[in-house]
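Structure below is run26.cif: mmCIF, C-alpha atoms.
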```cif
data_my_file
loop_
_atom_site.label_atom_id
_atom_site.label_comp_id
_atom_site.auth_asym_id
_atom_site.auth_seq_id
_atom_site.Cartn_x
_atom_site.Cartn_y
_atom_site.Cartn_z
CA MET A 8 29.00 -10.31 4.88
CA PRO A 9 26.71 -8.62 2.39
CA GLN A 10 23.70 -10.66 1.41
CA GLN A 11 22.13 -7.86 -0.58
CA ARG A 12 19.67 -8.49 -3.35
CA PHE A 13 19.09 -6.34 -6.41
CA PRO A 14 15.38 -6.49 -7.16
CA LYS A 15 14.00 -5.47 -10.53
CA VAL A 16 10.86 -3.48 -11.29
CA GLU A 17 8.87 -3.39 -14.54
CA VAL A 18 5.90 -1.08 -14.88
CA LEU A 19 2.86 -2.56 -16.62
CA SER A 20 0.59 0.47 -16.53
CA ILE A 21 0.31 3.86 -14.86
CA ALA A 22 -2.77 6.00 -14.50
CA PRO A 23 -3.21 8.80 -11.96
CA HIS A 24 -5.42 6.54 -9.86
CA ALA A 25 -3.74 3.18 -10.38
CA ILE A 26 -0.38 1.56 -11.01
CA SER A 27 0.46 -1.99 -11.86
CA PHE A 28 4.01 -3.34 -11.83
CA ILE A 29 6.13 -6.46 -11.54
CA LEU A 30 8.59 -6.78 -8.68
CA SER A 31 11.14 -9.53 -9.22
CA GLU A 32 14.34 -11.02 -7.80
CA THR A 33 13.34 -10.54 -4.20
CA ASP A 34 11.13 -12.57 -1.87
CA THR A 35 7.70 -12.38 -0.27
CA SER A 36 9.02 -10.59 2.82
CA MET A 37 9.92 -7.53 0.71
CA ALA A 38 6.73 -7.71 -1.36
CA ASN A 39 4.58 -8.01 1.74
CA ALA A 40 6.42 -5.25 3.59
CA LEU A 41 5.81 -2.96 0.64
CA ARG A 42 2.12 -3.88 0.52
CA ARG A 43 1.66 -3.45 4.26
CA ILE A 44 3.37 -0.06 4.24
CA MET A 45 1.26 1.20 1.35
CA ILE A 46 -1.87 0.22 3.28
CA ALA A 47 -0.94 1.34 6.78
CA GLU A 48 2.06 3.65 6.93
CA VAL A 49 2.06 6.09 4.02
CA PRO A 50 1.14 9.51 5.44
CA THR A 51 -1.75 11.47 3.95
CA ILE A 52 -3.92 14.38 5.05
CA ALA A 53 -7.44 13.92 6.45
CA ILE A 54 -9.89 15.99 8.46
CA ASP A 55 -9.30 15.18 12.11
CA LEU A 56 -11.08 17.88 14.11
CA VAL A 57 -14.30 19.76 13.39
CA GLU A 58 -15.53 22.91 15.15
CA TYR A 59 -19.23 23.62 14.65
CA ALA A 60 -20.65 27.12 14.59
CA GLU A 61 -24.10 26.00 13.55
CA ASN A 62 -25.65 22.68 12.60
CA SER A 63 -29.38 22.55 12.10
CA SER A 64 -29.21 19.72 9.57
CA VAL A 65 -30.83 16.35 10.21
CA LEU A 66 -27.50 14.69 10.99
CA ASN A 67 -25.79 15.20 14.34
CA ASP A 68 -22.33 16.77 14.70
CA GLU A 69 -20.43 13.50 15.18
CA TYR A 70 -22.06 11.93 12.15
CA ILE A 71 -21.00 14.82 9.92
CA ALA A 72 -17.52 14.92 11.45
CA HIS A 73 -17.08 11.24 10.62
CA ARG A 74 -18.18 11.82 7.03
CA LEU A 75 -15.80 14.76 6.68
CA GLY A 76 -12.95 12.61 7.96
CA LEU A 77 -13.47 10.06 5.22
CA ILE A 78 -13.18 12.59 2.36
CA PRO A 79 -9.84 12.06 0.60
CA ILE A 80 -7.75 15.24 0.80
CA ARG A 81 -5.20 15.88 -1.88
CA TYR A 82 -1.91 17.70 -1.49
CA THR A 83 -0.59 18.98 -4.80
CA PRO A 84 2.99 20.26 -4.61
CA GLU A 85 3.65 23.61 -6.26
CA GLY A 86 4.15 23.39 -10.00
CA SER A 87 2.80 19.86 -10.15
CA MET A 88 -0.53 18.33 -11.09
CA LYS A 89 0.03 15.22 -9.07
CA GLY A 90 -1.36 14.30 -5.69
CA GLY A 91 2.00 14.17 -3.96
CA ASP A 92 3.70 12.96 -0.82
CA CYS A 93 2.74 15.35 1.98
CA HIS A 94 5.52 14.25 4.32
CA GLN A 95 7.94 17.04 3.43
CA ALA A 96 5.33 19.76 3.28
CA PHE A 97 3.82 19.11 6.72
CA VAL A 98 4.90 17.97 10.15
CA PRO A 99 2.83 15.59 12.25
CA HIS A 100 0.83 17.78 14.65
CA ARG A 101 2.22 15.93 17.69
CA GLU A 102 5.75 16.92 16.71
CA CYS A 103 4.89 20.51 15.80
CA LEU A 104 6.18 23.21 18.11
CA CYS A 105 3.07 25.38 17.85
CA TYR A 106 0.65 25.73 20.75
CA ASP A 107 -2.54 24.52 19.11
CA ARG A 108 -2.20 24.47 15.36
CA CYS A 109 -0.35 26.28 12.61
CA ALA A 110 0.08 26.16 8.84
CA ARG A 111 3.00 23.73 9.22
CA CYS A 112 0.92 21.01 10.84
CA SER A 113 -2.68 21.59 9.81
CA VAL A 114 -4.97 22.86 7.08
CA GLU A 115 -8.25 24.60 7.86
CA PHE A 116 -11.39 24.15 5.81
CA GLU A 117 -14.37 26.46 6.16
CA LEU A 118 -17.85 25.32 5.28
CA ASP A 119 -20.86 27.60 5.41
CA VAL A 120 -24.04 26.56 3.59
CA ASN A 121 -27.37 28.19 4.37
CA PHE A 122 -30.35 26.70 2.55
CA ASP A 123 -32.37 29.90 2.50
CA LYS A 124 -29.49 31.92 1.04
CA VAL A 125 -28.62 29.39 -1.65
CA ASN A 126 -32.30 28.82 -2.50
CA GLN A 127 -32.74 32.37 -3.79
CA THR A 128 -30.03 31.86 -6.39
CA ARG A 129 -31.23 28.47 -7.66
CA PRO A 130 -33.14 28.05 -10.94
CA ASP A 131 -36.94 27.79 -10.68
CA GLN A 132 -37.24 24.07 -11.33
CA GLU A 133 -34.84 23.31 -8.47
CA ARG A 134 -36.28 25.75 -5.94
CA ASP A 135 -37.21 24.27 -2.55
CA LEU A 136 -35.72 20.86 -3.38
CA PRO A 137 -33.28 19.49 -0.80
CA LEU A 138 -29.81 21.02 -1.18
CA THR A 139 -26.82 18.67 -1.07
CA VAL A 140 -23.75 19.92 0.78
CA THR A 141 -20.69 18.38 -0.87
CA SER A 142 -16.94 18.36 -0.46
CA ARG A 143 -16.88 21.25 -2.96
CA ASP A 144 -18.29 23.54 -0.30
CA LEU A 145 -15.16 23.02 1.80
CA MET A 146 -12.94 26.08 1.38
CA SER A 147 -9.30 25.41 2.11
CA ASN A 148 -6.91 27.98 3.60
CA ASN A 149 -4.00 26.36 1.75
CA ILE A 150 -4.09 26.55 -2.05
CA LEU A 151 -2.07 23.34 -2.33
CA VAL A 152 -4.54 21.28 -0.33
CA ALA A 153 -8.10 20.50 -1.43
CA PRO A 154 -10.63 17.68 -1.26
CA ALA A 155 -9.98 15.14 -4.01
CA HIS A 156 -12.51 15.44 -6.78
CA PHE A 157 -11.27 14.42 -10.15
CA LEU A 158 -7.88 13.28 -11.28
CA SER A 159 -8.02 15.24 -14.54
CA GLU A 160 -9.92 18.14 -16.07
CA GLU A 161 -11.17 15.85 -18.79
CA GLU A 162 -12.76 13.56 -16.25
CA GLN A 163 -14.32 16.55 -14.55
CA ASP A 164 -15.85 17.88 -17.78
CA GLU A 165 -17.45 14.55 -18.57
CA SER A 166 -18.95 14.11 -15.15
CA HIS A 167 -22.15 15.56 -13.73
CA ASP A 168 -20.82 14.87 -10.27
CA GLU A 169 -20.77 17.74 -7.83
CA GLY A 170 -18.28 16.29 -5.36
CA ILE A 171 -18.67 13.99 -2.40
CA SER A 172 -22.03 14.35 -0.65
CA ILE A 173 -21.91 15.22 3.04
CA VAL A 174 -25.50 16.03 4.05
CA LYS A 175 -28.73 17.33 2.51
CA LEU A 176 -30.30 20.54 3.79
CA GLY A 177 -33.96 21.52 3.77
CA PRO A 178 -35.63 24.96 4.15
CA GLY A 179 -34.40 26.84 7.19
CA GLN A 180 -31.39 24.60 7.76
CA HIS A 181 -27.85 25.90 8.09
CA LEU A 182 -24.50 24.19 8.40
CA LYS A 183 -21.44 26.19 9.38
CA LEU A 184 -18.23 24.63 10.55
CA LYS A 185 -14.45 24.76 10.52
CA ALA A 186 -12.66 21.50 9.80
CA ILE A 187 -9.00 20.98 10.68
CA ALA A 188 -7.11 18.49 8.55
CA ARG A 189 -3.87 16.93 9.72
CA MET A 190 -1.29 14.51 8.47
CA GLY A 191 -1.49 10.97 9.78
CA ILE A 192 -1.10 7.32 8.94
CA SER A 193 -3.79 4.69 8.71
CA LYS A 194 -2.41 2.72 11.65
CA GLU A 195 -4.19 5.40 13.66
CA HIS A 196 -7.37 5.60 11.58
CA SER A 197 -8.14 4.19 8.15
CA LYS A 198 -9.27 7.62 6.90
CA TRP A 199 -5.54 8.27 6.35
CA CYS A 200 -5.18 5.23 4.09
CA PRO A 201 -4.05 6.35 0.60
CA VAL A 202 -4.99 3.12 -1.15
CA ALA A 203 -8.29 1.49 -1.99
CA VAL A 204 -6.51 -1.60 -3.27
CA ALA A 205 -2.92 -2.69 -2.70
CA THR A 206 -2.36 -6.33 -3.57
CA TYR A 207 0.21 -8.56 -5.16
CA ARG A 208 -0.08 -11.96 -6.72
CA PHE A 209 2.55 -14.56 -7.48
CA TRP A 210 3.74 -14.85 -11.04
CA PRO A 211 2.52 -18.17 -12.48
CA ILE A 212 5.11 -20.43 -14.11
CA ILE A 213 3.36 -22.34 -16.87
CA THR A 214 5.46 -25.19 -18.23
CA ILE A 215 4.25 -27.09 -21.26
CA ASN A 216 5.83 -30.47 -21.76
CA GLU A 217 6.10 -30.54 -25.58
CA GLU A 218 7.16 -34.15 -25.73
CA ALA A 219 4.22 -35.38 -23.71
CA CYS A 220 1.86 -33.06 -25.59
CA ASN A 221 2.84 -34.65 -28.91
CA MET A 222 1.08 -37.80 -27.70
CA LEU A 223 -2.23 -35.93 -27.48
CA THR A 224 -4.82 -35.66 -30.22
CA LEU A 225 -6.10 -32.26 -31.27
CA GLU A 226 -9.37 -32.95 -29.47
CA GLN A 227 -7.55 -33.72 -26.26
CA LYS A 228 -5.54 -30.52 -26.53
CA GLN A 229 -8.74 -28.60 -27.09
CA GLU A 230 -10.17 -30.30 -24.03
CA LEU A 231 -7.21 -29.11 -21.94
CA VAL A 232 -7.70 -25.56 -23.20
CA GLU A 233 -11.34 -25.69 -22.17
CA ALA A 234 -10.69 -27.44 -18.86
CA CYS A 235 -9.01 -24.37 -17.46
CA PRO A 236 -11.63 -21.87 -16.23
CA ASP A 237 -9.13 -19.00 -16.39
CA ARG A 238 -8.29 -19.69 -20.07
CA ILE A 239 -4.56 -19.58 -19.55
CA LEU A 240 -3.94 -22.00 -22.44
CA ALA A 241 -4.58 -21.71 -26.17
CA LEU A 242 -3.88 -23.69 -29.32
CA ASP A 243 -1.31 -22.29 -31.70
CA GLU A 244 -3.16 -21.68 -34.97
CA ILE A 245 -0.34 -22.86 -37.22
CA THR A 246 1.29 -25.72 -35.34
CA ASN A 247 -1.70 -26.75 -33.23
CA ASN A 248 0.58 -26.95 -30.20
CA LEU A 249 -0.56 -25.96 -26.73
CA VAL A 250 0.71 -22.53 -25.73
CA ALA A 251 0.23 -20.29 -22.70
CA VAL A 252 -1.66 -17.11 -23.56
CA GLU A 253 0.28 -13.87 -23.33
CA ASN A 254 -1.53 -12.35 -20.37
CA ALA A 255 -1.83 -15.62 -18.44
CA TYR A 256 -0.32 -13.95 -15.36
CA GLU A 257 -3.39 -11.73 -15.07
CA MET A 258 -5.77 -14.64 -15.08
CA ALA A 259 -4.17 -17.72 -13.56
CA THR A 260 -5.90 -18.42 -10.26
CA PHE A 261 -7.51 -21.85 -10.14
CA THR A 262 -5.77 -24.72 -11.92
CA GLU A 263 -7.24 -27.78 -10.17
CA ASP A 264 -9.59 -28.48 -13.09
CA LEU A 265 -6.63 -28.52 -15.44
CA LYS A 266 -4.89 -31.04 -13.20
CA MET A 267 -7.94 -33.30 -13.10
CA ALA A 268 -8.37 -33.18 -16.87
CA GLN A 269 -4.73 -34.13 -17.32
CA GLU A 270 -4.95 -37.05 -14.90
CA ALA A 271 -7.84 -38.43 -16.94
CA MET A 272 -5.83 -38.18 -20.18
CA LYS A 273 -2.71 -39.92 -18.92
CA LYS A 274 -2.14 -43.48 -20.02
CA ARG A 275 -0.46 -44.33 -16.73
CA PRO A 276 -0.85 -42.30 -13.51
CA GLU A 277 2.94 -41.94 -13.17
CA ASP A 278 3.27 -40.26 -16.57
CA GLU A 279 4.61 -36.73 -16.69
CA ASP A 280 2.20 -33.79 -16.63
CA PHE A 281 1.38 -32.21 -19.98
CA VAL A 282 1.06 -28.75 -18.47
CA SER A 283 2.16 -27.67 -15.02
CA VAL A 284 1.31 -24.40 -13.31
CA VAL A 285 3.24 -23.42 -10.19
CA HIS A 286 3.71 -20.03 -8.57
CA SER A 287 7.01 -18.24 -8.61
CA THR A 288 8.52 -17.33 -5.23
CA ASP A 289 10.51 -14.34 -6.44
CA ARG A 290 8.27 -12.54 -8.90
CA PHE A 291 5.16 -10.58 -7.93
CA VAL A 292 2.52 -8.71 -9.88
CA PHE A 293 1.42 -5.69 -7.86
CA SER A 294 -1.76 -3.77 -8.35
CA VAL A 295 -2.31 -0.52 -6.46
CA GLU A 296 -5.33 1.75 -6.65
CA SER A 297 -5.50 5.12 -4.96
CA THR A 298 -8.40 6.65 -3.04
CA GLY A 299 -7.67 9.95 -4.78
CA ALA A 300 -5.61 11.44 -1.96
CA MET A 301 -2.34 10.71 -3.78
CA ASP A 302 -1.33 9.58 -7.25
CA ALA A 303 -0.68 5.84 -7.32
CA GLU A 304 2.98 6.16 -8.33
CA GLU A 305 3.55 8.62 -5.50
CA ILE A 306 2.11 6.11 -3.04
CA LEU A 307 4.65 3.53 -4.18
CA LEU A 308 7.57 5.95 -3.92
CA SER A 309 6.34 7.21 -0.59
CA ALA A 310 6.08 3.64 0.74
CA LEU A 311 9.68 2.97 -0.26
CA ARG A 312 10.77 6.16 1.48
CA VAL A 313 8.91 5.15 4.64
CA LEU A 314 10.63 1.74 4.56
CA LYS A 315 14.03 3.32 4.02
CA ASP A 316 13.55 5.79 6.89
CA ARG A 317 12.37 3.00 9.17
CA LEU A 318 15.38 0.80 8.41
CA ASN A 319 17.80 3.68 8.97
CA TYR A 320 16.10 4.42 12.28
CA LEU A 321 16.33 0.78 13.38
CA ALA A 322 19.97 0.61 12.28
CA ALA A 323 20.77 3.61 14.52
CA GLU A 324 18.84 2.09 17.44
CA VAL A 325 20.64 -1.26 17.15
CA GLU A 326 23.95 0.60 16.96
CA LYS A 327 23.07 2.39 20.22
CA LEU A 328 22.37 -0.97 21.82
CA LYS A 329 25.90 -2.21 21.09
CA ASP A 330 27.62 0.42 23.26
CA MET B 4 -13.58 3.76 28.18
CA ASN B 5 -10.65 1.36 28.50
CA ALA B 6 -9.88 1.39 24.78
CA PRO B 7 -6.17 1.68 24.08
CA GLU B 8 -4.93 4.90 22.50
CA ARG B 9 -5.12 4.67 18.71
CA THR B 10 -1.57 5.97 18.49
CA ALA B 11 -0.26 3.16 20.73
CA ALA B 12 0.44 1.11 17.61
CA PHE B 13 3.25 3.34 16.39
CA LEU B 14 4.27 5.93 19.00
CA LEU B 15 6.70 4.83 21.70
CA ASP B 16 5.43 5.15 25.27
CA ASP B 17 7.21 7.54 27.64
CA GLY B 18 10.69 6.26 28.40
CA GLU B 19 10.26 3.22 26.17
CA GLU B 20 13.28 2.14 24.14
CA LYS B 21 12.80 1.22 20.49
CA VAL B 22 15.02 -1.85 20.69
CA GLU B 23 15.84 -3.99 23.71
CA TYR B 24 18.21 -6.95 23.89
CA TYR B 25 18.06 -9.97 26.15
CA ALA B 26 20.96 -12.45 25.87
CA ASP B 27 19.85 -16.05 26.09
CA THR B 28 20.93 -17.63 29.40
CA LYS B 29 20.82 -21.21 28.22
CA VAL B 30 21.95 -21.09 24.61
CA SER B 31 25.32 -19.68 23.59
CA ASN B 32 25.63 -17.01 20.87
CA ALA B 33 21.91 -16.35 21.07
CA GLY B 34 19.63 -13.56 22.17
CA THR B 35 16.26 -11.98 21.69
CA PHE B 36 15.73 -8.46 20.37
CA THR B 37 12.48 -6.75 21.24
CA PHE B 38 11.35 -4.12 18.76
CA ASN B 39 8.71 -1.94 20.34
CA LYS B 40 5.92 -0.56 18.15
CA GLU B 41 6.81 -2.78 15.23
CA ASP B 42 4.84 -5.52 13.49
CA HIS B 43 5.06 -8.15 10.76
CA THR B 44 6.19 -5.55 8.22
CA VAL B 45 9.62 -5.27 9.79
CA GLY B 46 9.62 -8.60 11.66
CA ASN B 47 9.30 -10.83 8.64
CA LEU B 48 11.61 -8.63 6.58
CA LEU B 49 14.41 -8.94 9.15
CA ARG B 50 13.84 -12.65 9.74
CA MET B 51 14.04 -13.51 6.03
CA GLN B 52 17.14 -11.39 5.57
CA LEU B 53 18.86 -12.96 8.61
CA LEU B 54 18.10 -16.46 7.35
CA ARG B 55 20.06 -15.70 4.18
CA ASP B 56 23.18 -15.01 6.26
CA PRO B 57 25.41 -18.14 6.52
CA GLN B 58 26.64 -16.98 9.95
CA VAL B 59 23.14 -17.21 11.39
CA LYS B 60 22.07 -20.57 12.78
CA PHE B 61 18.59 -19.54 13.84
CA ALA B 62 16.37 -16.52 13.27
CA GLY B 63 12.70 -16.31 14.11
CA TYR B 64 10.25 -13.61 15.13
CA MET B 65 6.98 -13.51 16.97
CA HIS B 66 4.27 -10.96 17.46
CA PRO B 67 2.91 -11.96 20.88
CA HIS B 68 -0.60 -10.54 20.50
CA PRO B 69 -2.37 -8.21 18.02
CA LEU B 70 -2.90 -5.66 20.80
CA VAL B 71 0.67 -5.88 22.07
CA HIS B 72 2.60 -3.65 19.70
CA LYS B 73 6.00 -5.31 19.70
CA ILE B 74 7.88 -8.12 18.08
CA HIS B 75 10.47 -10.49 19.52
CA LEU B 76 13.27 -11.46 17.17
CA LYS B 77 15.45 -14.36 18.27
CA ILE B 78 18.85 -14.83 16.68
CA GLN B 79 21.47 -17.52 17.21
CA THR B 80 24.80 -17.30 15.40
CA ASN B 81 27.17 -20.12 14.46
CA THR B 82 30.23 -19.00 16.40
CA SER B 83 31.04 -16.83 19.37
CA GLN B 84 33.10 -14.68 16.95
CA VAL B 85 29.92 -13.09 15.66
CA ALA B 86 27.44 -11.45 18.02
CA PRO B 87 23.72 -11.57 17.17
CA ALA B 88 23.71 -7.75 17.10
CA GLU B 89 26.40 -7.79 14.38
CA THR B 90 24.32 -10.00 12.12
CA LEU B 91 21.25 -7.88 12.78
CA SER B 92 23.11 -4.69 11.84
CA ALA B 93 24.34 -6.34 8.65
CA ALA B 94 20.82 -7.51 7.80
CA ILE B 95 19.37 -4.03 8.31
CA GLU B 96 22.11 -2.49 6.20
CA ASP B 97 21.50 -4.96 3.37
CA LEU B 98 17.77 -4.26 3.46
CA SER B 99 18.42 -0.54 3.48
CA ASN B 100 20.65 -0.88 0.40
CA GLU B 101 18.02 -3.07 -1.24
CA THR B 102 15.40 -0.37 -0.64
CA ASP B 103 17.76 2.25 -2.12
CA HIS B 104 18.17 0.05 -5.15
CA LEU B 105 14.40 -0.37 -5.38
CA ILE B 106 13.82 3.39 -5.26
CA THR B 107 16.08 3.93 -8.29
CA GLN B 108 14.54 0.92 -10.03
CA VAL B 109 11.01 2.24 -9.51
CA THR B 110 11.91 5.79 -10.60
CA ASP B 111 13.64 4.47 -13.73
CA ALA B 112 10.80 2.08 -14.55
CA ILE B 113 8.20 4.86 -14.22
CA ASP B 114 10.25 7.21 -16.43
CA LYS B 115 10.75 4.46 -19.01
CA TRP B 116 7.05 3.63 -19.09
CA LYS B 117 6.13 7.29 -19.47
CA LYS B 118 8.55 7.76 -22.37
CA GLU B 119 7.00 4.80 -24.16
CA ASN B 120 3.41 5.81 -23.43
CA VAL B 121 3.43 9.62 -23.60
CA SER B 122 0.27 9.82 -25.68
CA GLY B 123 -1.57 7.66 -23.19
CA MET B 124 -1.07 10.06 -20.32
CA ILE B 125 -4.06 12.14 -19.41
CA GLY B 126 -3.82 15.08 -17.06
CA MET B 127 -0.12 14.61 -16.28
#
```
Mind turning the file's structure into structure tokens?
Amino acid sequence: MPQQRFPKVEVLSIAPHAISFILSETDTSMANALRRIMIAEVPTIAIDLVEYAENSSVLNDEYIAHRLGLIPIRYTPEGSMKGGDCHQAFVPHRECLCYDRCARCSVEFELDVNFDKVNQTRPDQERDLPLTVTSRDLMSNNILVAPAHFLSEEEQDESHDEGISIVKLGPGQHLKLKAIARMGISKEHSKWCPVAVATYRFWPIITINEEACNMLTLEQKQELVEACPDRILALDEITNNLVAVENAYEMATFTEDLKMAQEAMKKRPEDEDFVSVVHSTDRFVFSVESTGAMDAEEILLSALRVLKDRLNYLAAEVEKLKD
Amino acid sequence: MNAPERTAAFLLDDGEEKVEYYADTKVSNAGTFTFNKEDHTVGNLLRMQLLRDPQVKFAGYMHPHPLVHKIHLKIQTNTSQVAPAETLSAAIEDLSNETDHLITQVTDAIDKWKKENVSGMIGM
């Protein structure tokens, strides 16, 4: 007995770091599953193990290892500019057949910064100032994998940023280490989380009762427009009728003030509302922002793939149970 | 020292089955499925899908404790003709098809948006 739904998707905007879209004709369980998977189950790459050769900086080994772990690492598939889904390019290290680590399950980064060596090459005005070790000093052994810096060359040209700071070195200090990055999901540690923001909000249904509104004076209509702190209403310039503004769905949050203002305007308390705002139960406005480890649209597609794989796995397990 | 393994939330323990079934001893046509290493993501999804099935009389899930990584899904069907496992399989299949549909929808919507906004794309 198929009870399948056919949800619809409309994209509102796409940037490398963010995507916004409308999911409709499904219910909160699907919207929430998608949100939860984007936050906790989309695999990414992050530094998981650090081997120190020398650390004479002011921060201890663990402190630096933690900072390294939090640097977003980007996998860019061959022939693409996008931060892509790493799930086909790597295997989880627990499932890998290798003894310790190999190119299939891990990426090695080398970092070797010696203050005294770098100091000789610095311009005079900077000499002897503290030297910042950044994510740029991490040298990857896989050309497709690198710390996330900028999402476009344009952005990079405009910025004076030198990458993500790790530690500052003073005269005589030396930091040399090998960092091993692995694929994981943020259920294990949030350093593997690909999203900074993944939220959805309910689509607001704004109904304007034209008949009741005709009873209002222009001043009263103006009062209703101003009563709403989110400015979801406006007056039509030609007809002077109340209308919902075009991007009301982006703004509608708090409508209690609107309700109160209406109650005060009604002749009798049982009169119909002039404007009603309720939330839709089958239409959601998603907003997803990436940490830089993956492009936002890839996160969405990857989340759907994770969900699909999970359901197929469960289907097979339930089938096994029946025998 | 006694902290649980961080991977305990998603990796099955040794010898642990993904899905277990316990038939209800007091109610007919009913039983509880235990999904190990699953949470609200799948629990709520399955419950809502089962509730849309007219053959299902009751469907509910619970996550016993945030540190206990399993969910219990209880299903009761209308008649003895339909086993709870049958309705669960149908629900999973419907959800799987829905996800397939969503994947094509998302891919199409992204392509459509990009066609309409080519000039707006930077670094793509």
Practice prompt. Please provide the set of residues having any atom within 7 Å of A:Cys93, restricted to only C-alpha atoms, with same-chain residues fewer than 4 positions apart removed, written as JSON, numbers by chain.
Written response: {"A": [50, 51, 82, 97]}
Discussion item. Using only C-alpha atoms, which protein or nucleic acid residues come within 6 Å of B:Ile78? Drop anything in the same chain fewer than 5 positions from it, and give the result as a ChimeraX atom specification.
Written reply: /B:33-34,61-62,87
Item to complete: Name every residue that the PyMOL selection byres ((chain A) within 7 of (chain B)) selects in this structure, writing the answer as a PyMOL selection string with chains first and numbers rising.
Response: chain A and resi 9-18+36-37+40+43+88+159-160+194-195+308+311+315+318-319+322+324-325
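Residue nearest A:Ala203 within the list A:Ser294, A:Thr35, A:Ser87, A:Gln269: A:Ser294 [criterion: smallest interatomic distance, all atoms listed in the file].
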Evaluated on this file, the PyMOL selection byres ((chain A and resi 239) around 12) picks out some residues - which ones are they, written as an mmCIF file with C-alpha atoms, in the frame of the given file?
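What follows is the written file result04.cif:
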```
data_model
loop_
_atom_site.group_PDB
_atom_site.id
_atom_site.type_symbol
_atom_site.label_atom_id
_atom_site.label_comp_id
_atom_site.auth_asym_id
_atom_site.auth_seq_id
_atom_site.Cartn_x
_atom_site.Cartn_y
_atom_site.Cartn_z
ATOM 1 C CA PRO A 211 2.520 -18.170 -12.480
ATOM 2 C CA ILE A 212 5.110 -20.430 -14.110
ATOM 3 C CA ILE A 213 3.360 -22.340 -16.870
ATOM 4 C CA THR A 214 5.460 -25.190 -18.230
ATOM 5 C CA ILE A 215 4.250 -27.090 -21.260
ATOM 6 C CA LEU A 231 -7.210 -29.110 -21.940
ATOM 7 C CA VAL A 232 -7.700 -25.560 -23.200
ATOM 8 C CA GLU A 233 -11.340 -25.690 -22.170
ATOM 9 C CA ALA A 234 -10.690 -27.440 -18.860
ATOM 10 C CA CYS A 235 -9.010 -24.370 -17.460
ATOM 11 C CA PRO A 236 -11.630 -21.870 -16.230
ATOM 12 C CA ASP A 237 -9.130 -19.000 -16.390
ATOM 13 C CA ARG A 238 -8.290 -19.690 -20.070
ATOM 14 C CA LEU A 240 -3.940 -22.000 -22.440
ATOM 15 C CA ALA A 241 -4.580 -21.710 -26.170
ATOM 16 C CA LEU A 242 -3.880 -23.690 -29.320
ATOM 17 C CA LEU A 249 -0.560 -25.960 -26.730
ATOM 18 C CA VAL A 250 0.710 -22.530 -25.730
ATOM 19 C CA ALA A 251 0.230 -20.290 -22.700
ATOM 20 C CA VAL A 252 -1.660 -17.110 -23.560
ATOM 21 C CA GLU A 253 0.280 -13.870 -23.330
ATOM 22 C CA ASN A 254 -1.530 -12.350 -20.370
ATOM 23 C CA ALA A 255 -1.830 -15.620 -18.440
ATOM 24 C CA TYR A 256 -0.320 -13.950 -15.360
ATOM 25 C CA GLU A 257 -3.390 -11.730 -15.070
ATOM 26 C CA MET A 258 -5.770 -14.640 -15.080
ATOM 27 C CA ALA A 259 -4.170 -17.720 -13.560
ATOM 28 C CA THR A 260 -5.900 -18.420 -10.260
ATOM 29 C CA PHE A 261 -7.510 -21.850 -10.140
ATOM 30 C CA THR A 262 -5.770 -24.720 -11.920
ATOM 31 C CA LEU A 265 -6.630 -28.520 -15.440
ATOM 32 C CA VAL A 282 1.060 -28.750 -18.470
ATOM 33 C CA SER A 283 2.160 -27.670 -15.020
ATOM 34 C CA VAL A 284 1.310 -24.400 -13.310
#
```
Item to complete: Please provide the set of residues having any atom within 8 Å of stretch 165-170 of chain A, restricted to all atoms listed in the file, with same-chain residues fewer than 4 positions apart removed, written as a list in words.
Response: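 Non-adjacent residues within range: Thr141, Ser142, Arg143, His156 and Glu161 of chain A.
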I'd like the neighbourhood of A:Ala153 as a short mmCIF file (atom, residue, chain, number, x, y, z; two decimals) with C-alpha atoms, in the frame of the given file, where a residue qualifies if any of its atoms comes within 8 Å (using all atoms listed in the file), though same-chain residues fewer than 2 positions away should be ignored.
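This is the output file selection.cif:
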```
data_model
loop_
_atom_site.label_atom_id
_atom_site.label_comp_id
_atom_site.auth_asym_id
_atom_site.auth_seq_id
_atom_site.Cartn_x
_atom_site.Cartn_y
_atom_site.Cartn_z
CA ILE A 80 -7.75 15.24 0.80
CA ARG A 81 -5.20 15.88 -1.88
CA TYR A 82 -1.91 17.70 -1.49
CA MET A 146 -12.94 26.08 1.38
CA SER A 147 -9.30 25.41 2.11
CA ASN A 149 -4.00 26.36 1.75
CA ILE A 150 -4.09 26.55 -2.05
CA LEU A 151 -2.07 23.34 -2.33
CA ALA A 155 -9.98 15.14 -4.01
#
```
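The gap separating atom CA of A:Phe116 from atom CA of A:Ala188 is 7.6 Å, in Å to one decimal.
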Discussion item. For a quick check of understanding, using only C-alpha atoms, which of A:Cys200, A:Ala22, A:Val49, A:Val57 has the smallest distance to A:Glu304?
Written reply: A:Ala22
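Applied to the file shown here, the PyMOL selection byres ((chain B and resi 81) around 6) selects Gln58, Val59, Lys60, Thr80 and Thr82 of chain B.
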Worksheet item: Between atom CA of A:Ala47 and atom CA of A:Phe291, what is the spacing in Å?
Response: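 Interatomic distance here is 19.9 Å.
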Worksheet entry | Answer as an MDAnalysis selection string, residues within 12 Å of (-32.8, 15.7, 8.7) using all atoms listed in the file | chainID A and resid 62:67 70:71 137:139 174:182
Which centre and which edge lengths, in Å to one decimal, describe the axis-aligned box that holds all listed atoms of stretch 101-112 of chain B after 5 Å is added on each side, as lines of an AutoDock Vina configuration file?
```
center_x = 14.5
center_y = 1.4
center_z = -7.6
size_x = 17.4
size_y = 18.9
size_z = 23.9
```
